[in-house]
$ cat input_33.txt   # compact mmCIF, C-alpha atoms and all ligand atoms
# COMPACT_ATOMS: atom_id res chain seq x y z
CA VAL A 219 0.00 0.00 0.00
CA THR A 220 1.49 3.30 -1.10
CA GLY A 221 1.58 5.63 1.88
CA TRP A 222 -2.05 5.94 2.91
CA VAL A 223 -5.07 3.86 3.80
CA TRP A 224 -8.64 4.99 4.42
CA LEU A 225 -9.84 3.83 7.83
CA ASP A 226 -13.32 4.55 9.16
CA GLY A 227 -13.61 7.78 7.19
CA ARG A 228 -10.08 9.15 7.56
CA LEU A 229 -6.90 8.91 5.51
CA VAL A 230 -4.20 7.53 7.80
CA ASP A 231 -0.53 6.54 7.41
CA GLY A 232 -0.49 3.08 5.81
CA GLY A 233 2.56 2.05 7.84
CA ALA A 234 1.11 2.91 11.26
CA PRO A 235 -0.74 0.41 13.48
CA HIS A 236 -4.49 0.63 12.92
CA LEU A 237 -6.56 -2.23 14.18
CA ASN A 238 -7.52 -3.32 17.65
CA VAL A 239 -6.16 -6.84 18.28
CA SER A 240 -9.72 -7.83 19.27
CA ASP A 241 -11.02 -6.98 15.81
CA ARG A 242 -13.19 -9.87 14.68
CA GLY A 243 -11.81 -9.72 11.17
CA PHE A 244 -8.38 -10.56 12.62
CA GLN A 245 -9.65 -12.99 15.25
CA LEU A 246 -12.24 -14.90 13.23
CA GLY A 247 -12.19 -13.80 9.60
CA ASP A 248 -15.55 -12.22 10.47
CA GLY A 249 -15.74 -9.72 7.66
CA ILE A 250 -16.38 -9.10 3.98
CA PHE A 251 -14.52 -7.42 1.13
CA GLU A 252 -14.56 -6.22 -2.45
CA THR A 253 -11.76 -5.67 -4.94
CA ALA A 254 -12.12 -3.33 -7.92
CA ARG A 255 -10.14 -1.34 -10.49
CA ALA A 256 -9.90 2.43 -10.38
CA ARG A 257 -8.71 3.96 -13.63
CA ARG A 258 -8.12 7.72 -13.95
CA GLY A 259 -9.46 7.93 -10.40
CA VAL A 260 -12.78 6.41 -11.49
CA VAL A 261 -13.91 3.24 -9.73
CA ILE A 262 -15.02 0.75 -12.35
CA GLU A 263 -18.44 -0.79 -11.60
CA LEU A 264 -18.56 0.87 -8.18
CA ALA A 265 -22.33 0.46 -7.89
CA GLU A 266 -22.07 -3.26 -8.64
CA HIS A 267 -19.28 -3.78 -6.09
CA LEU A 268 -21.14 -1.85 -3.41
CA ALA A 269 -24.33 -3.81 -4.09
CA ARG A 270 -22.43 -7.06 -3.62
CA LEU A 271 -20.71 -5.70 -0.49
CA ARG A 272 -24.15 -4.99 0.96
CA GLU A 273 -25.39 -8.47 0.00
CA SER A 274 -22.39 -10.01 1.76
CA ALA A 275 -23.03 -7.77 4.78
CA ALA A 276 -26.67 -8.83 4.92
CA ALA A 277 -25.72 -12.52 4.76
CA LEU A 278 -23.57 -12.11 7.88
CA ALA A 279 -25.89 -9.59 9.64
CA LEU A 280 -23.13 -7.02 9.47
CA THR A 281 -24.09 -3.34 9.51
CA LEU A 282 -22.01 -1.08 7.31
CA PRO A 283 -21.22 2.08 9.29
CA VAL A 284 -21.07 4.35 6.23
CA THR A 285 -23.10 5.17 3.13
CA ASP A 286 -22.24 4.00 -0.37
CA ALA A 287 -21.50 7.62 -1.26
CA ALA A 288 -18.98 7.86 1.60
CA ILE A 289 -17.22 4.71 0.42
CA GLY A 290 -17.13 6.00 -3.16
CA GLN A 291 -15.80 9.32 -1.94
CA GLY A 292 -13.26 7.52 0.28
CA ILE A 293 -11.88 5.59 -2.68
CA VAL A 294 -11.60 8.77 -4.75
CA GLU A 295 -9.74 10.54 -1.92
CA LEU A 296 -7.42 7.61 -1.30
CA VAL A 297 -6.57 7.06 -4.96
CA ARG A 298 -5.82 10.78 -5.23
CA ALA A 299 -3.71 10.77 -2.03
CA VAL A 300 -1.54 7.91 -3.29
CA GLY A 301 -1.13 9.58 -6.69
CA LEU A 302 -2.93 6.95 -8.78
CA ASP A 303 -5.64 9.24 -10.17
CA SER A 304 -3.90 10.80 -13.16
CA THR A 305 -6.42 11.47 -15.94
CA GLY A 306 -3.66 11.13 -18.50
CA ALA A 307 -4.73 14.48 -19.96
CA ASP A 308 -1.20 15.89 -19.71
CA GLY A 309 0.26 13.05 -21.75
CA ALA A 310 1.11 11.01 -18.63
CA GLU A 311 -0.01 7.42 -18.27
CA PRO A 312 -3.57 7.30 -16.90
CA GLY A 313 -3.65 6.33 -13.22
CA ASP A 314 -4.55 2.71 -12.62
CA ALA A 315 -5.17 1.18 -9.20
CA ALA A 316 -6.38 -2.02 -7.60
CA VAL A 317 -8.65 -1.04 -4.74
CA ARG A 318 -9.85 -3.16 -1.84
CA ILE A 319 -12.69 -2.36 0.55
CA THR A 320 -12.61 -4.51 3.69
CA VAL A 321 -15.31 -4.44 6.35
CA SER A 322 -14.83 -6.32 9.60
CA ARG A 323 -17.45 -6.76 12.29
CA GLY A 324 -15.15 -4.70 14.45
CA PRO A 325 -13.43 -5.02 17.83
CA LEU A 326 -15.08 -7.10 20.53
CA GLU A 327 -13.02 -8.03 23.57
CA LYS A 328 -15.35 -10.78 24.75
CA ARG A 329 -14.39 -14.25 23.60
CA GLY A 330 -16.66 -16.53 21.59
CA LEU A 331 -18.45 -16.49 18.29
CA ALA A 332 -21.58 -14.55 19.26
CA PRO A 333 -21.11 -13.12 22.78
CA PRO A 334 -23.36 -10.41 24.21
CA GLY A 335 -22.83 -7.15 22.35
CA PHE A 336 -21.98 -8.95 19.16
CA GLU A 337 -24.94 -7.46 17.26
CA THR A 338 -24.11 -3.88 18.15
CA VAL A 339 -20.33 -3.71 17.71
CA GLU A 340 -19.32 -0.95 15.28
CA ALA A 341 -17.86 -2.35 12.07
CA THR A 342 -14.37 -1.36 10.92
CA ILE A 343 -14.00 -0.29 7.30
CA VAL A 344 -10.71 -0.03 5.49
CA ILE A 345 -9.92 0.97 1.90
CA GLN A 346 -6.53 0.22 0.40
CA ALA A 347 -5.12 1.06 -3.04
CA TRP A 348 -2.19 -0.38 -4.94
CA PRO A 349 -0.69 0.50 -8.31
CA TYR A 350 -2.43 -1.78 -10.80
CA VAL A 351 -0.26 -4.65 -12.01
CA PRO A 352 -1.70 -6.44 -15.06
CA PRO A 353 -1.26 -10.20 -15.40
CA ASP A 354 2.25 -11.29 -16.38
CA PRO A 355 2.47 -11.27 -20.21
CA ALA A 356 4.12 -14.70 -20.01
CA VAL A 357 1.03 -16.06 -18.23
CA LEU A 358 -1.28 -14.38 -20.77
CA GLY A 359 0.87 -15.93 -23.50
CA ARG A 360 0.69 -19.50 -22.24
CA GLY A 361 -2.49 -19.40 -20.13
CA ILE A 362 -3.25 -20.54 -16.59
CA ARG A 363 -2.69 -24.19 -15.76
CA ALA A 364 -4.96 -25.22 -12.94
CA ILE A 365 -5.43 -28.24 -10.75
CA PRO A 366 -8.62 -29.38 -9.01
CA SER A 367 -8.60 -28.39 -5.34
CA ALA A 368 -9.31 -31.03 -2.72
CA VAL A 369 -11.58 -28.39 -1.13
CA ARG A 370 -15.15 -28.85 -2.40
CA ARG A 371 -17.84 -26.16 -2.55
CA ASP A 372 -21.32 -26.90 -1.25
CA PRO A 373 -24.01 -25.33 -3.49
CA GLY A 374 -26.45 -25.57 -0.58
CA SER A 375 -24.30 -23.45 1.71
CA PRO A 376 -25.80 -20.04 2.50
CA LEU A 377 -22.25 -18.67 2.38
CA ALA A 378 -21.39 -20.03 -1.09
CA GLY A 379 -21.85 -16.64 -2.79
CA VAL A 380 -20.63 -14.42 0.04
CA LYS A 381 -17.35 -12.55 -0.41
CA SER A 382 -16.14 -13.07 3.13
CA THR A 383 -12.68 -12.51 4.56
CA SER A 384 -12.71 -16.11 5.86
CA ARG A 385 -10.35 -17.17 3.10
CA ALA A 386 -8.68 -20.30 4.52
CA ASP A 387 -10.24 -22.52 1.80
CA TYR A 388 -8.87 -20.24 -0.91
CA VAL A 389 -5.42 -19.98 0.63
CA TYR A 390 -5.35 -23.76 1.03
CA ALA A 391 -6.32 -24.23 -2.64
CA ARG A 392 -3.59 -21.83 -3.75
CA LEU A 393 -1.08 -23.78 -1.63
CA GLU A 394 -2.19 -26.96 -3.37
CA ALA A 395 -1.53 -25.26 -6.71
CA VAL A 396 1.91 -24.03 -5.64
CA ARG A 397 2.87 -27.48 -4.35
CA ALA A 398 1.71 -29.07 -7.62
CA GLY A 399 3.65 -26.54 -9.72
CA ALA A 400 0.37 -25.20 -11.16
CA ASP A 401 -0.77 -21.58 -11.48
CA ASP A 402 -4.10 -21.93 -9.70
CA ALA A 403 -6.71 -24.35 -8.40
CA LEU A 404 -10.35 -24.77 -9.39
CA PHE A 405 -13.01 -25.60 -6.84
CA LEU A 406 -15.48 -28.34 -7.70
CA THR A 407 -18.90 -28.56 -6.12
CA THR A 408 -19.50 -31.39 -3.65
CA ASP A 409 -21.01 -33.36 -6.56
CA GLY A 410 -18.12 -32.73 -8.92
CA ARG A 411 -19.16 -29.80 -11.13
CA ILE A 412 -16.71 -26.99 -11.93
CA SER A 413 -17.44 -24.04 -9.64
CA GLU A 414 -14.77 -21.32 -9.94
CA SER A 415 -11.09 -20.61 -9.42
CA THR A 416 -9.60 -19.17 -6.23
CA THR A 417 -10.08 -15.62 -7.51
CA ALA A 418 -12.14 -15.75 -10.69
CA ASN A 419 -15.12 -17.18 -12.56
CA VAL A 420 -14.59 -19.91 -15.14
CA TRP A 421 -15.73 -19.86 -18.78
CA THR A 422 -15.57 -22.33 -21.65
CA VAL A 423 -16.15 -21.64 -25.33
CA VAL A 424 -17.77 -24.48 -27.26
CA GLY A 425 -18.97 -24.06 -30.83
CA GLY A 426 -18.87 -20.27 -30.59
CA VAL A 427 -20.91 -20.08 -27.35
CA ALA A 428 -19.41 -19.01 -24.01
CA ARG A 429 -20.60 -20.94 -20.94
CA THR A 430 -20.12 -20.18 -17.27
CA PRO A 431 -21.44 -22.08 -14.24
CA PRO A 432 -24.77 -20.81 -12.84
CA ARG A 433 -25.06 -19.29 -9.37
CA GLY A 434 -26.35 -22.66 -8.16
CA ASP A 435 -22.87 -24.11 -8.70
CA ALA A 436 -21.48 -22.37 -5.60
CA ILE A 437 -19.86 -19.45 -7.40
CA LEU A 438 -19.30 -15.87 -6.45
CA ALA A 439 -21.46 -13.87 -8.88
CA GLY A 440 -18.56 -11.92 -10.40
CA THR A 441 -19.03 -8.39 -11.67
CA THR A 442 -16.88 -9.25 -14.68
CA ARG A 443 -19.01 -12.35 -15.24
CA THR A 444 -22.13 -10.14 -15.23
CA TRP A 445 -20.44 -7.75 -17.66
CA LEU A 446 -19.59 -10.63 -19.98
CA MET A 447 -23.14 -12.01 -19.87
CA ALA A 448 -24.31 -8.58 -21.06
CA HIS A 449 -21.55 -7.73 -23.54
CA ALA A 450 -20.17 -10.94 -25.05
CA ALA A 451 -22.97 -11.33 -27.61
CA ALA A 452 -22.12 -7.93 -29.10
CA LEU A 453 -18.61 -9.28 -29.68
CA GLY A 454 -20.09 -12.25 -31.56
CA LEU A 455 -19.86 -14.63 -28.61
CA PRO A 456 -23.26 -15.46 -27.09
CA ALA A 457 -22.89 -16.22 -23.37
CA VAL A 458 -25.03 -18.58 -21.32
CA GLU A 459 -25.06 -20.02 -17.82
CA ALA A 460 -24.54 -23.78 -17.91
CA THR A 461 -23.12 -26.37 -15.58
CA ILE A 462 -19.60 -27.36 -16.59
CA GLN A 463 -18.32 -30.82 -15.79
CA PRO A 464 -14.54 -31.39 -15.67
CA SER A 465 -14.90 -33.44 -18.89
CA ASP A 466 -16.64 -30.45 -20.58
CA LEU A 467 -13.77 -28.19 -19.55
CA LEU A 468 -11.19 -30.56 -21.03
CA ALA A 469 -13.21 -30.94 -24.25
CA ALA A 470 -13.85 -27.18 -24.71
CA ASP A 471 -12.51 -25.27 -27.72
CA GLU A 472 -10.97 -22.89 -25.19
CA ALA A 473 -11.46 -21.62 -21.66
CA PHE A 474 -10.74 -18.48 -19.68
CA LEU A 475 -11.14 -16.89 -16.25
CA SER A 476 -12.78 -13.56 -15.43
CA SER A 477 -12.23 -11.17 -12.51
CA SER A 478 -12.20 -7.44 -11.86
CA VAL A 479 -8.51 -6.99 -11.30
CA ALA A 480 -6.86 -9.58 -13.55
CA GLY A 481 -9.53 -9.21 -16.25
CA ILE A 482 -9.86 -12.05 -18.76
CA VAL A 483 -7.07 -14.63 -18.57
CA PRO A 484 -6.82 -17.78 -20.71
CA LEU A 485 -7.14 -21.14 -18.95
CA THR A 486 -5.16 -23.71 -20.91
CA GLY A 487 -4.72 -26.66 -18.59
CA TYR A 488 -6.65 -28.60 -15.99
CA ASP A 489 -5.52 -31.55 -13.90
CA GLY A 490 -2.35 -31.99 -15.95
CA ARG A 491 -4.23 -32.07 -19.26
CA PRO A 492 -4.50 -29.43 -22.01
CA ILE A 493 -7.61 -27.38 -22.76
CA GLY A 494 -7.95 -26.25 -26.39
CA GLY A 495 -4.66 -27.82 -27.38
CA GLY A 496 -2.96 -26.20 -24.39
CA ARG A 497 -2.75 -22.78 -26.05
CA PRO A 498 -4.75 -19.61 -25.35
CA GLY A 499 -7.71 -19.33 -27.69
CA PRO A 500 -8.77 -16.38 -29.85
CA TRP A 501 -11.85 -15.55 -27.76
CA ALA A 502 -9.88 -15.09 -24.55
CA ALA A 503 -7.71 -12.50 -26.28
CA ALA A 504 -10.66 -10.78 -27.99
CA VAL A 505 -12.76 -10.61 -24.83
CA ARG A 506 -9.78 -9.45 -22.78
CA ARG A 507 -9.16 -6.59 -25.24
CA ALA A 508 -12.85 -5.63 -25.29
CA ARG A 509 -13.04 -5.59 -21.50
CA GLU A 510 -9.88 -3.45 -21.16
CA ASP A 511 -11.20 -1.04 -23.80
CA TRP A 512 -14.53 -0.83 -21.99
CA ILE A 513 -12.78 -0.09 -18.68
CA ASP A 514 -10.83 2.68 -20.39
CA SER A 515 -13.93 4.24 -21.95
CA ALA A 516 -15.85 3.91 -18.67
CA SER A 517 -13.07 5.83 -16.92
CA LEU A 518 -13.19 8.54 -19.61
CA ALA A 519 -16.96 8.82 -19.65
CA ALA A 520 -17.36 9.34 -15.90
CA PRO A 521 -17.90 12.98 -14.95
CA ALA A 522 -14.90 14.71 -13.39
CA GLY A 523 -14.93 15.36 -9.65
CA ALA A 524 -16.64 13.52 -6.82
CA PRO A 525 -18.24 11.08 -6.63
CA ARG A 526 -16.85 9.84 -10.00
CA GLY A 527 -18.28 6.46 -9.27
CA SER A 528 -19.80 3.80 -11.37
CA ALA A 529 -19.57 3.69 -15.10
CA ARG A 530 -23.27 2.84 -15.01
CA ASP A 531 -24.00 6.18 -13.33
CA ALA A 532 -22.21 7.82 -16.22
CA GLY A 533 -24.43 6.07 -18.71
CA VAL A 534 -21.74 3.73 -19.99
CA ARG A 535 -23.06 0.31 -20.86
C1 LIG B 1 -13.73 -16.63 -5.66
C2 LIG B 1 -13.96 -15.57 -6.67
N1 LIG B 1 -14.75 -15.82 -7.73
C3 LIG B 1 -14.97 -14.89 -8.68
C4 LIG B 1 -14.38 -13.64 -8.62
C5 LIG B 1 -14.62 -12.64 -9.72
O1 LIG B 1 -15.43 -11.57 -9.29
P1 LIG B 1 -15.31 -10.13 -9.94
O2 LIG B 1 -15.48 -10.28 -11.42
O3 LIG B 1 -16.40 -9.35 -9.31
O4 LIG B 1 -13.95 -9.61 -9.59
C6 LIG B 1 -13.56 -13.33 -7.54
C7 LIG B 1 -12.95 -12.01 -7.46
O5 LIG B 1 -12.33 -11.62 -6.56
C8 LIG B 1 -13.35 -14.31 -6.53
O6 LIG B 1 -12.57 -14.07 -5.47
$ encode --input "input_33.txt" --output "structure tokens" --more "lines below"
Ligand SMILES: Cc1ncc(COP(=O)(O)O)c(C=O)c1O
Amino acid sequence: VTGWVWLDGRLVDGGAPHLNVSDRGFQLGDGIFETARARRGVVIELAEHLARLRESAAALALTLPVTDAAIGQGIVELVRAVGLDSTGADGAEPGDAAVRITVSRGPLEKRGLAPPGFETVEATIVIQAWPYVPPDPAVLGRGIRAIPSAVRRDPGSPLAGVKSTSRADYVYARLEAVRAGADDALFLTTDGRISESTTANVWTVVGGVARTPPRGDAILAGTTRTWLMAHAAALGLPAVEATIQPSDLLAADEAFLSSSVAGIVPLTGYDGRPIGGGRPGPWAAAVRRAREDWIDSASLAAPAGAPRGSARDAGVR
């Protein structure tokens, strides 16, 4: 984090101590988060990220202590404070940041999962910003090779679609990938369907149609996934929700992953076997380019000055 973080409404020194050791996010992973891009100081799909943050909060009966407008304003202030908001108007590179909003239930000194006072503790909210680092060109060039994680996802779990800070399953899956010499791991549902990767939604392309697992397959409903459902057809690639079995993934013409920060990244291997001949396919590259172009135009179309929020607010769709 470059210099500053936004904590409960104030910009504070990123290197200073901030959190109470009793904070439930630290003690229990009792919190939620969102990660987004901010280009030219404009948060991409802010409204969508805030809507999902509020859905995650509702699932855990967590009360956000601030308004959406205050969070949007906080991101704008932070991105400006860390110098990542250049509009590029003066010939400089446009500012590009990865932004994370984390909300924890807050500090509670009493032990236990739901002790007295648990419902009324004031949540802690933190915003961090980093210079945006695109995926390694070498990885884009060869594609992600993934393994199946031993961790299964239960479609019946009420937490399946919640973006919570309890990330042990995801860290474990990434460790499995590292140990196997792979780039990432994919979660399967308890009954063996492809769910998602540790940080992204999964897509196949078969016969010119893009498919991604439905919400019932224990996925996080990604904002980039939603964007693709709405925009892929205009690129000549109709997109549908459909269950994907591991055998479908291996037999696909090509596959890719989608997420806010990394964007569209080809997926070229699964469980030691190639997908689409083991090389990135043409659709992954085309959709990646279209998404990056859309992010750029969304950042240009947003009105200058606060709240400079969602591209949707600016009429970009
Ligand atoms: C587990 C998981 N699935 C999917 C996604 C993609 O969501 P989005 O497109 O909103 O970034 C993410 C993003 O962080 C994720 O962590």
$ residues_near_ligand --input "input_33.txt" --ligand "ligand LIG 1 (chain B)" --cutoff "9 Å" --atoms "all atoms listed in the file" --output "PyMOL selection string"
chain A and resi 252-254+266-267+270+379+381+388+413-420+437-445+475-481
$ closest_residue --input "input_33.txt" --among "A:Glu311, A:Val380, A:Gly227, A:Gly233" --to "Arg272 of chain A" --atoms "only C-alpha atoms"
A:Val380
$ atom_distance --input "input_33.txt" --atom1 "atom CA of Ala452 of chain A" --atom2 "atom CA of Val427 of chain A"
12.3 Å
$ residues_around --input "input_33.txt" --residues "Ala450 of chain A" --least-positions-apart "6" --cutoff "10 Å" --atoms "all atoms listed in the file" --output "ChimeraX atom specification"
/A:427-428,443,456-458,501,504-505,508-509
$ atom_distance --input "input_33.txt" --atom1 "atom CA of Ile343 of chain A" --atom2 "atom CA of Pro283 of chain A"
7.9 Å
$ residues_around --input "input_33.txt" --residues "segment 459-470 of chain A" --least-positions-apart "4" --cutoff "9 Å" --atoms "all atoms listed in the file" --output "PyMOL selection string"
chain A and resi 406+410-413+421-425+428-435+447+487-488+491-494
$ closest_residue --input "input_33.txt" --among "A:Pro500, A:Gly292, A:Gly259, A:Gly454" --to "Val230 of chain A" --atoms "only C-alpha atoms"
A:Gly292
$ axis_aligned_box --input "input_33.txt" --around "segment 226-240 of chain A" --padding-each-side "5 Å" --output "AutoDock Vina command-line options"
--center_x -5.5 --center_y 0.7 --center_z 12.4 --size_x 26.2 --size_y 27.0 --size_z 23.8
$ atom_distance --input "input_33.txt" --atom1 "atom CA of Ile365 of chain A" --atom2 "atom CA of Val317 of chain A"
28.0 Å
$ closest_residue --input "input_33.txt" --among "A:Gln245, A:Thr407, A:Ser517, A:Ser367" --to "Lys328 of chain A" --atoms "only C-alpha atoms"
A:Gln245
$ closest_residue --input "input_33.txt" --among "A:Glu295, A:Asp387, A:Trp512, A:Pro333" --to "Leu446 of chain A" --atoms "only C-alpha atoms"
A:Trp512
$ residues_around --input "input_33.txt" --residues "Val344 of chain A" --least-positions-apart "6" --cutoff "6 Å" --atoms "only C-alpha atoms" --output "list in words"
Trp224, Leu225, Ile319 and Thr320 of chain A
$ closest_residue --input "input_33.txt" --among "A:Thr305, A:Ser375, A:Gln291, A:Ser384" --to "Ala519 of chain A" --atoms "all atoms listed in the file"
A:Thr305
$ decode --input "input_33.txt" --residues "segment 365-375 of chain A" --atoms "all heavy atoms" --output "PDB file, in the first residue's frame"
ATOM      1  N   ILE A 365      -5.157 -26.892 -11.260  1.00  0.00           N
ATOM      2  CA  ILE A 365      -5.433 -28.241 -10.746  1.00  0.00           C
ATOM      3  C   ILE A 365      -6.786 -28.212 -10.023  1.00  0.00           C
ATOM      4  O   ILE A 365      -7.239 -27.148  -9.619  1.00  0.00           O
ATOM      5  CB  ILE A 365      -4.338 -28.702  -9.756  1.00  0.00           C
ATOM      6  CG1 ILE A 365      -4.181 -27.652  -8.626  1.00  0.00           C
ATOM      7  CG2 ILE A 365      -3.017 -28.936 -10.460  1.00  0.00           C
ATOM      8  CD1 ILE A 365      -3.629 -28.215  -7.358  1.00  0.00           C
ATOM      9  N   PRO A 366      -7.421 -29.363  -9.855  1.00  0.00           N
ATOM     10  CA  PRO A 366      -8.624 -29.378  -9.008  1.00  0.00           C
ATOM     11  C   PRO A 366      -8.204 -29.298  -7.551  1.00  0.00           C
ATOM     12  O   PRO A 366      -7.258 -29.971  -7.145  1.00  0.00           O
ATOM     13  CB  PRO A 366      -9.263 -30.737  -9.325  1.00  0.00           C
ATOM     14  CG  PRO A 366      -8.174 -31.577  -9.891  1.00  0.00           C
ATOM     15  CD  PRO A 366      -7.115 -30.685 -10.442  1.00  0.00           C
ATOM     16  N   SER A 367      -8.876 -28.449  -6.771  1.00  0.00           N
ATOM     17  CA  SER A 367      -8.597 -28.388  -5.343  1.00  0.00           C
ATOM     18  C   SER A 367      -9.268 -29.558  -4.638  1.00  0.00           C
ATOM     19  O   SER A 367     -10.331 -30.015  -5.065  1.00  0.00           O
ATOM     20  CB  SER A 367      -9.126 -27.078  -4.759  1.00  0.00           C
ATOM     21  OG  SER A 367      -9.035 -27.115  -3.344  1.00  0.00           O
ATOM     22  N   ALA A 368      -8.661 -30.002  -3.549  1.00  0.00           N
ATOM     23  CA  ALA A 368      -9.314 -31.027  -2.717  1.00  0.00           C
ATOM     24  C   ALA A 368     -10.458 -30.411  -1.911  1.00  0.00           C
ATOM     25  O   ALA A 368     -11.306 -31.131  -1.379  1.00  0.00           O
ATOM     26  CB  ALA A 368      -8.292 -31.659  -1.774  1.00  0.00           C
ATOM     27  N   VAL A 369     -10.495 -29.081  -1.839  1.00  0.00           N
ATOM     28  CA  VAL A 369     -11.583 -28.392  -1.132  1.00  0.00           C
ATOM     29  C   VAL A 369     -12.799 -28.359  -2.058  1.00  0.00           C
ATOM     30  O   VAL A 369     -12.699 -27.876  -3.180  1.00  0.00           O
ATOM     31  CB  VAL A 369     -11.184 -26.953  -0.756  1.00  0.00           C
ATOM     32  CG1 VAL A 369     -12.342 -26.237  -0.073  1.00  0.00           C
ATOM     33  CG2 VAL A 369      -9.934 -26.948   0.109  1.00  0.00           C
ATOM     34  N   ARG A 370     -13.923 -28.866  -1.590  1.00  0.00           N
ATOM     35  CA  ARG A 370     -15.149 -28.851  -2.402  1.00  0.00           C
ATOM     36  C   ARG A 370     -16.062 -27.718  -1.943  1.00  0.00           C
ATOM     37  O   ARG A 370     -16.024 -27.317  -0.782  1.00  0.00           O
ATOM     38  CB  ARG A 370     -15.876 -30.198  -2.269  1.00  0.00           C
ATOM     39  CG  ARG A 370     -15.098 -31.366  -2.883  1.00  0.00           C
ATOM     40  CD  ARG A 370     -15.026 -31.252  -4.384  1.00  0.00           C
ATOM     41  NE  ARG A 370     -14.328 -32.391  -4.979  1.00  0.00           N
ATOM     42  CZ  ARG A 370     -14.944 -33.350  -5.671  1.00  0.00           C
ATOM     43  NH1 ARG A 370     -16.254 -33.329  -5.847  1.00  0.00           N
ATOM     44  NH2 ARG A 370     -14.255 -34.344  -6.209  1.00  0.00           N
ATOM     45  N   ARG A 371     -16.898 -27.244  -2.871  1.00  0.00           N
ATOM     46  CA  ARG A 371     -17.842 -26.161  -2.552  1.00  0.00           C
ATOM     47  C   ARG A 371     -19.253 -26.728  -2.506  1.00  0.00           C
ATOM     48  O   ARG A 371     -19.663 -27.443  -3.421  1.00  0.00           O
ATOM     49  CB  ARG A 371     -17.760 -25.068  -3.629  1.00  0.00           C
ATOM     50  CG  ARG A 371     -16.367 -24.503  -3.822  1.00  0.00           C
ATOM     51  CD  ARG A 371     -15.979 -23.599  -2.673  1.00  0.00           C
ATOM     52  NE  ARG A 371     -16.803 -22.421  -2.658  1.00  0.00           N
ATOM     53  CZ  ARG A 371     -16.522 -21.308  -3.346  1.00  0.00           C
ATOM     54  NH1 ARG A 371     -15.411 -21.218  -4.040  1.00  0.00           N
ATOM     55  NH2 ARG A 371     -17.323 -20.283  -3.309  1.00  0.00           N
ATOM     56  N   ASP A 372     -19.965 -26.388  -1.451  1.00  0.00           N
ATOM     57  CA  ASP A 372     -21.319 -26.900  -1.254  1.00  0.00           C
ATOM     58  C   ASP A 372     -22.335 -25.908  -1.815  1.00  0.00           C
ATOM     59  O   ASP A 372     -22.504 -24.818  -1.267  1.00  0.00           O
ATOM     60  CB  ASP A 372     -21.558 -27.104   0.240  1.00  0.00           C
ATOM     61  CG  ASP A 372     -22.973 -27.578   0.547  1.00  0.00           C
ATOM     62  OD1 ASP A 372     -23.747 -27.801  -0.415  1.00  0.00           O
ATOM     63  OD2 ASP A 372     -23.295 -27.731   1.736  1.00  0.00           O
ATOM     64  N   PRO A 373     -23.031 -26.262  -2.903  1.00  0.00           N
ATOM     65  CA  PRO A 373     -24.005 -25.327  -3.491  1.00  0.00           C
ATOM     66  C   PRO A 373     -25.138 -24.980  -2.532  1.00  0.00           C
ATOM     67  O   PRO A 373     -25.775 -23.945  -2.680  1.00  0.00           O
ATOM     68  CB  PRO A 373     -24.548 -26.093  -4.701  1.00  0.00           C
ATOM     69  CG  PRO A 373     -23.550 -27.144  -4.985  1.00  0.00           C
ATOM     70  CD  PRO A 373     -22.919 -27.506  -3.677  1.00  0.00           C
ATOM     71  N   GLY A 374     -25.379 -25.839  -1.531  1.00  0.00           N
ATOM     72  CA  GLY A 374     -26.452 -25.566  -0.582  1.00  0.00           C
ATOM     73  C   GLY A 374     -26.042 -24.637   0.549  1.00  0.00           C
ATOM     74  O   GLY A 374     -26.874 -24.223   1.354  1.00  0.00           O
ATOM     75  N   SER A 375     -24.756 -24.295   0.602  1.00  0.00           N
ATOM     76  CA  SER A 375     -24.298 -23.446   1.708  1.00  0.00           C
ATOM     77  C   SER A 375     -24.806 -22.013   1.542  1.00  0.00           C
ATOM     78  O   SER A 375     -24.664 -21.427   0.471  1.00  0.00           O
ATOM     79  CB  SER A 375     -22.766 -23.429   1.754  1.00  0.00           C
ATOM     80  OG  SER A 375     -22.345 -22.378   2.603  1.00  0.00           O
TER      81      SER A 375
END
